[in-house]
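Peer 1: This is the content of target_22.csv (CSV, N, CA and C atoms):
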chain,number,residue,atom,x,y,z
A,132,MET,N,95.4,97.5,105.7
A,132,MET,CA,94.2,97.6,104.8
A,132,MET,C,94.6,98.3,103.5
A,133,VAL,N,94.3,97.7,102.4
A,133,VAL,CA,94.6,98.3,101.1
A,133,VAL,C,93.3,98.6,100.4
A,134,GLN,N,93.1,99.9,100.1
A,134,GLN,CA,91.9,100.2,99.4
A,134,GLN,C,92.0,99.9,97.9
A,135,GLN,N,90.9,100.1,97.2
A,135,GLN,CA,90.8,99.7,95.8
A,135,GLN,C,91.6,100.6,94.9
A,136,GLY,N,91.7,101.9,95.3
A,136,GLY,CA,92.4,102.8,94.4
A,136,GLY,C,91.4,103.4,93.4
A,137,GLN,N,92.0,104.3,92.6
A,137,GLN,CA,91.2,104.9,91.5
A,137,GLN,C,92.1,105.3,90.3
A,138,ILE,N,91.5,105.4,89.2
A,138,ILE,CA,92.1,105.8,87.9
A,138,ILE,C,91.7,107.2,87.6
A,139,ILE,N,92.7,108.1,87.3
A,139,ILE,CA,92.4,109.5,87.0
A,139,ILE,C,93.1,109.9,85.7
A,140,GLU,N,92.5,110.8,85.0
A,140,GLU,CA,93.2,111.4,83.8
A,140,GLU,C,94.0,112.6,84.3
A,141,LEU,N,95.2,112.6,83.8
A,141,LEU,CA,96.1,113.7,84.2
A,141,LEU,C,95.8,114.9,83.5
A,142,ALA,N,96.1,116.1,84.1
A,142,ALA,CA,95.8,117.4,83.4
A,142,ALA,C,96.9,117.6,82.3
A,143,ARG,N,98.1,117.1,82.5
A,143,ARG,CA,99.1,117.3,81.5
A,143,ARG,C,99.0,116.2,80.4
A,144,CYS,N,99.4,116.6,79.2
A,144,CYS,CA,99.4,115.6,78.1
A,144,CYS,C,100.8,115.1,77.8
A,145,GLY,N,100.8,114.1,77.0
A,145,GLY,CA,102.1,113.5,76.6
A,145,GLY,C,102.8,114.4,75.5
A,146,ARG,N,103.9,113.9,75.0
A,146,ARG,CA,104.7,114.7,74.0
A,146,ARG,C,103.9,115.0,72.8
A,147,ASP,N,103.1,114.0,72.3
A,147,ASP,CA,102.3,114.2,71.1
A,147,ASP,C,100.9,114.7,71.4
A,148,GLY,N,100.7,115.2,72.5
A,148,GLY,CA,99.3,115.7,72.9
A,148,GLY,C,98.3,114.6,73.3
A,149,GLU,N,98.8,113.4,73.5
A,149,GLU,CA,97.8,112.3,73.9
A,149,GLU,C,97.5,112.4,75.4
A,150,ARG,N,96.4,111.9,75.7
A,150,ARG,CA,96.0,111.9,77.1
A,150,ARG,C,96.8,111.0,77.9
A,151,LEU,N,97.1,111.3,79.2
A,151,LEU,CA,97.9,110.4,80.1
A,151,LEU,C,97.0,110.1,81.3
A,152,TRP,N,97.2,108.9,81.8
A,152,TRP,CA,96.4,108.4,82.9
A,152,TRP,C,97.3,108.0,84.1
A,153,ALA,N,96.7,108.0,85.3
A,153,ALA,CA,97.5,107.6,86.5
A,153,ALA,C,96.5,106.8,87.4
A,154,TYR,N,97.1,106.2,88.4
A,154,TYR,CA,96.3,105.6,89.4
A,154,TYR,C,96.8,106.1,90.8
A,155,ARG,N,96.0,106.0,91.7
A,155,ARG,CA,96.4,106.3,93.1
A,155,ARG,C,95.6,105.4,94.1
A,156,TYR,N,96.2,105.2,95.2
A,156,TYR,CA,95.6,104.4,96.3
A,156,TYR,C,96.2,104.8,97.6
A,157,ARG,N,95.5,104.4,98.7
A,157,ARG,CA,96.0,104.6,100.0
A,157,ARG,C,96.2,103.2,100.6
A,158,THR,N,97.2,103.1,101.4
A,158,THR,CA,97.5,101.8,102.0
A,158,THR,C,97.0,101.6,103.4
A,159,GLY,N,96.6,102.7,104.1
A,159,GLY,CA,96.2,102.6,105.4
A,159,GLY,C,94.9,103.3,105.8
A,160,GLY,N,94.0,103.4,104.9
A,160,GLY,CA,92.8,104.1,105.2
A,160,GLY,C,92.9,105.6,104.9
A,161,ARG,N,91.9,106.4,105.3
A,161,ARG,CA,91.8,107.8,105.0
A,161,ARG,C,92.9,108.6,105.5
A,162,ASP,N,93.5,108.3,106.6
A,162,ASP,CA,94.5,109.2,107.2
A,162,ASP,C,95.9,108.9,106.6
A,163,SER,N,96.0,107.9,105.8
A,163,SER,CA,97.4,107.5,105.3
A,163,SER,C,97.7,108.3,104.1
A,164,LYS,N,99.0,108.2,103.8
A,164,LYS,CA,99.5,108.9,102.6
A,164,LYS,C,99.0,108.2,101.3
A,165,ARG,N,98.7,109.1,100.3
A,165,ARG,CA,98.2,108.6,99.1
A,165,ARG,C,99.4,108.4,98.1
A,166,VAL,N,99.4,107.2,97.5
A,166,VAL,CA,100.5,106.9,96.5
A,166,VAL,C,99.9,107.1,95.1
A,167,GLN,N,100.6,107.8,94.2
A,167,GLN,CA,100.1,108.0,92.9
A,167,GLN,C,101.2,107.7,91.9
A,168,ARG,N,100.9,107.0,90.8
A,168,ARG,CA,101.8,106.6,89.8
A,168,ARG,C,101.1,107.0,88.5
A,169,GLY,N,101.9,107.7,87.6
A,169,GLY,CA,101.2,108.1,86.4
A,169,GLY,C,102.0,108.0,85.1
A,170,GLY,N,101.4,108.6,84.0
A,170,GLY,CA,102.1,108.6,82.7
A,170,GLY,C,101.7,107.4,81.8
A,171,PHE,N,100.6,106.8,82.1
A,171,PHE,CA,100.2,105.6,81.3
A,171,PHE,C,99.4,106.1,80.1
A,172,ALA,N,99.6,105.4,79.0
A,172,ALA,CA,99.1,105.9,77.7
A,172,ALA,C,97.6,105.6,77.6
A,173,SER,N,97.0,104.7,78.4
A,173,SER,CA,95.6,104.5,78.3
A,173,SER,C,95.0,104.2,79.7
A,174,GLU,N,93.7,104.4,79.8
A,174,GLU,CA,93.0,104.1,81.1
A,174,GLU,C,93.2,102.6,81.4
A,175,LEU,N,93.1,101.8,80.4
A,175,LEU,CA,93.3,100.3,80.7
A,175,LEU,C,94.7,100.0,81.2
A,176,ASP,N,95.7,100.6,80.6
A,176,ASP,CA,97.1,100.4,81.2
A,176,ASP,C,97.2,100.8,82.6
A,177,ALA,N,96.6,101.9,83.0
A,177,ALA,CA,96.6,102.4,84.4
A,177,ALA,C,95.9,101.4,85.3
A,178,ARG,N,94.7,100.9,84.8
A,178,ARG,CA,93.9,100.0,85.6
A,178,ARG,C,94.7,98.7,85.8
A,179,ASP,N,95.3,98.2,84.8
A,179,ASP,CA,96.1,97.0,84.9
A,179,ASP,C,97.3,97.1,85.9
A,180,ALA,N,98.0,98.3,85.8
A,180,ALA,CA,99.1,98.5,86.7
A,180,ALA,C,98.6,98.7,88.2
A,181,LEU,N,97.4,99.3,88.3
A,181,LEU,CA,96.9,99.4,89.7
A,181,LEU,C,96.5,98.0,90.2
A,182,ASP,N,95.9,97.2,89.4
A,182,ASP,CA,95.5,95.9,89.9
A,182,ASP,C,96.7,95.1,90.3
A,183,ARG,N,97.8,95.2,89.5
A,183,ARG,CA,99.1,94.5,89.8
A,183,ARG,C,99.6,95.0,91.1
A,184,GLU,N,99.7,96.3,91.3
A,184,GLU,CA,100.2,96.9,92.5
A,184,GLU,C,99.4,96.5,93.7
A,185,LEU,N,98.1,96.5,93.7
A,185,LEU,CA,97.3,96.2,94.8
A,185,LEU,C,97.4,94.7,95.1
A,186,GLU,N,97.5,93.9,94.1
A,186,GLU,CA,97.7,92.4,94.3
A,186,GLU,C,99.1,92.2,95.0
A,187,ARG,N,100.1,92.9,94.6
A,187,ARG,CA,101.4,92.8,95.2
A,187,ARG,C,101.4,93.2,96.7
A,188,LEU,N,100.7,94.2,97.0
A,188,LEU,CA,100.5,94.7,98.4
A,188,LEU,C,99.8,93.7,99.2
A,189,ARG,N,98.7,93.1,98.6
A,189,ARG,CA,98.0,92.1,99.4
A,189,ARG,C,98.8,90.9,99.7
A,190,ARG,N,99.6,90.4,98.7
A,190,ARG,CA,100.5,89.3,99.0
A,190,ARG,C,101.6,89.6,100.0
A,191,GLU,N,102.1,90.8,99.9
A,191,GLU,CA,103.2,91.3,100.8
A,191,GLU,C,102.6,91.3,102.2
A,192,ARG,N,101.4,91.8,102.4
A,192,ARG,CA,100.8,91.9,103.7
A,192,ARG,C,100.0,90.7,104.1
A,193,ARG,N,100.0,89.7,103.3
A,193,ARG,CA,99.2,88.5,103.5
A,193,ARG,C,97.7,88.8,103.8
A,194,ILE,N,97.2,89.6,103.0
A,194,ILE,CA,95.8,90.0,103.1
A,194,ILE,C,95.0,89.2,102.0
A,195,SER,N,94.1,88.4,102.4
A,195,SER,CA,93.3,87.6,101.5
A,195,SER,C,92.4,88.5,100.7
A,196,ARG,N,92.2,88.2,99.5
A,196,ARG,CA,91.4,89.1,98.6
A,196,ARG,C,89.9,88.5,98.7
A,197,SER,N,89.0,89.3,99.2
A,197,SER,CA,87.6,88.9,99.2
A,197,SER,C,86.9,89.4,98.0
A,198,LEU,N,85.9,88.7,97.6
A,198,LEU,CA,85.1,89.1,96.4
A,198,LEU,C,84.3,90.3,96.7
A,199,THR,N,84.1,91.2,95.7
A,199,THR,CA,83.2,92.3,95.9
A,199,THR,C,81.8,91.7,95.6
A,200,LEU,N,80.7,92.4,95.9
A,200,LEU,CA,79.4,91.9,95.7
A,200,LEU,C,79.2,91.6,94.2
A,201,ALA,N,79.7,92.5,93.3
A,201,ALA,CA,79.5,92.3,91.9
A,201,ALA,C,80.2,91.0,91.4
A,202,GLU,N,81.4,90.8,92.0
A,202,GLU,CA,82.1,89.5,91.6
A,202,GLU,C,81.4,88.3,92.1
A,203,LEU,N,80.9,88.4,93.3
A,203,LEU,CA,80.1,87.3,93.9
A,203,LEU,C,78.9,86.9,93.1
A,204,VAL,N,78.2,88.0,92.7
A,204,VAL,CA,77.0,87.8,91.8
A,204,VAL,C,77.4,87.1,90.5
A,205,GLU,N,78.5,87.6,89.9
A,205,GLU,CA,79.0,87.1,88.6
A,205,GLU,C,79.3,85.6,88.8
A,206,VAL,N,80.0,85.2,89.8
A,206,VAL,CA,80.3,83.8,90.0
A,206,VAL,C,79.1,83.0,90.2
A,207,HIS,N,78.1,83.5,91.0
A,207,HIS,CA,76.9,82.8,91.3
A,207,HIS,C,76.1,82.6,90.0
A,208,LEU,N,76.0,83.6,89.2
A,208,LEU,CA,75.3,83.5,87.9
A,208,LEU,C,76.0,82.5,86.9
A,209,ALA,N,77.3,82.6,86.9
A,209,ALA,CA,78.0,81.6,86.1
A,209,ALA,C,77.8,80.2,86.5
A,210,GLN,N,77.7,79.9,87.8
A,210,GLN,CA,77.5,78.6,88.3
A,210,GLN,C,76.0,78.2,88.0
A,211,GLN,N,75.1,79.1,88.0
A,211,GLN,CA,73.7,78.7,87.7
A,211,GLN,C,73.5,78.4,86.3
A,212,THR,N,74.2,79.1,85.4
A,212,THR,CA,74.1,78.9,84.0
A,212,THR,C,74.8,77.6,83.6
A,213,CYS,N,75.8,77.2,84.2
A,213,CYS,CA,76.5,76.0,83.9
A,213,CYS,C,75.8,74.7,84.4
A,214,SER,N,75.0,74.9,85.5
A,214,SER,CA,74.4,73.7,86.1
A,214,SER,C,73.0,73.4,85.4
A,215,ARG,N,72.6,74.2,84.5
A,215,ARG,CA,71.3,73.9,83.8
A,215,ARG,C,71.4,72.9,82.7
What is this file in structure tokens?
Peer 2:
Amino acid sequence: MVQQGQIIELARCGRDGERLWAYRYRTGGRDSKRVQRGGFASELDARDALDRELERLRRERRISRSLTLAELVEVHLAQQTCSR
């Protein structure tokens, strides 16, 4: 089971004083070890890296990606808009 993970702002700053971001996730639920990777220049960079890593883990473990409720609603609304 791969959780969704989270994006965090690091307490330390980069060389030029810019904010740094990281992501972390657990691969086996609450009791599993937490993996954290950091040093990203922006929150968006950290989010993209997390998404790529989670997708890689899903493929590696052959876990199908199910839609979240928000994604399901978005798909449904897009279908309704197109069919009118």
Peer 1: Skip Arg155 of chain A itself and residues of its chain fewer than 3 positions away, then list as a PyMOL selection string all residues within 8 Å of it, counting all atoms listed in the file.
Peer 2: chain A and resi 134-139+152+158+165-169+177+181
Peer 1: For a test of reading the model, state the distance in Å between atom CA of Ser163 of chain A and atom CA of Ala142 of chain A, rounded to one decimal.
Peer 2: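 Computing the Euclidean distance for atom CA of Ser163 of chain A and atom CA of Ala142 of chain A yields 24.1 Å.
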Peer 1: Can you tell me how far atom CA of Gly170 of chain A sits from atom CA of Arg193 of chain A, in Å to one decimal?
Peer 2: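 Atom CA of Arg193 of chain A lies 29.1 Å from atom CA of Gly170 of chain A.
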Peer 1: I need the strand (DSSP E) residues of chain A per DSSP on the backbone, written as JSON, numbers by chain.
Peer 2: {"A": [137, 138, 139, 140, 141, 142, 143, 144, 150, 151, 152, 153, 154, 155, 156, 157, 165, 166, 167, 168, 169, 170, 171]}
Peer 1: Using all atoms listed in the file, which of the listed residues (A:Asp179, A:Ala172, A:Glu191, A:Leu203) sits closest to Leu151 of chain A?
Peer 2: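 Nearest to Leu151 of chain A: A:Ala172.
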Peer 1: Mind giving me the straight-line distance from atom CA of Val204 of chain A to atom C of Glu186 of chain A in Å, one decimal?
Peer 2: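 Going from atom CA of Val204 of chain A over to atom C of Glu186 of chain A, I get 22.8 Å.
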Peer 1: For Arg178 of chain A, please output as a ChimeraX atom specification all residues within 9 Å (counting only C-alpha atoms; exclusion window: fewer than 4 positions along the same chain).
Peer 2: /A:137-138,153-154,173-174,182-183
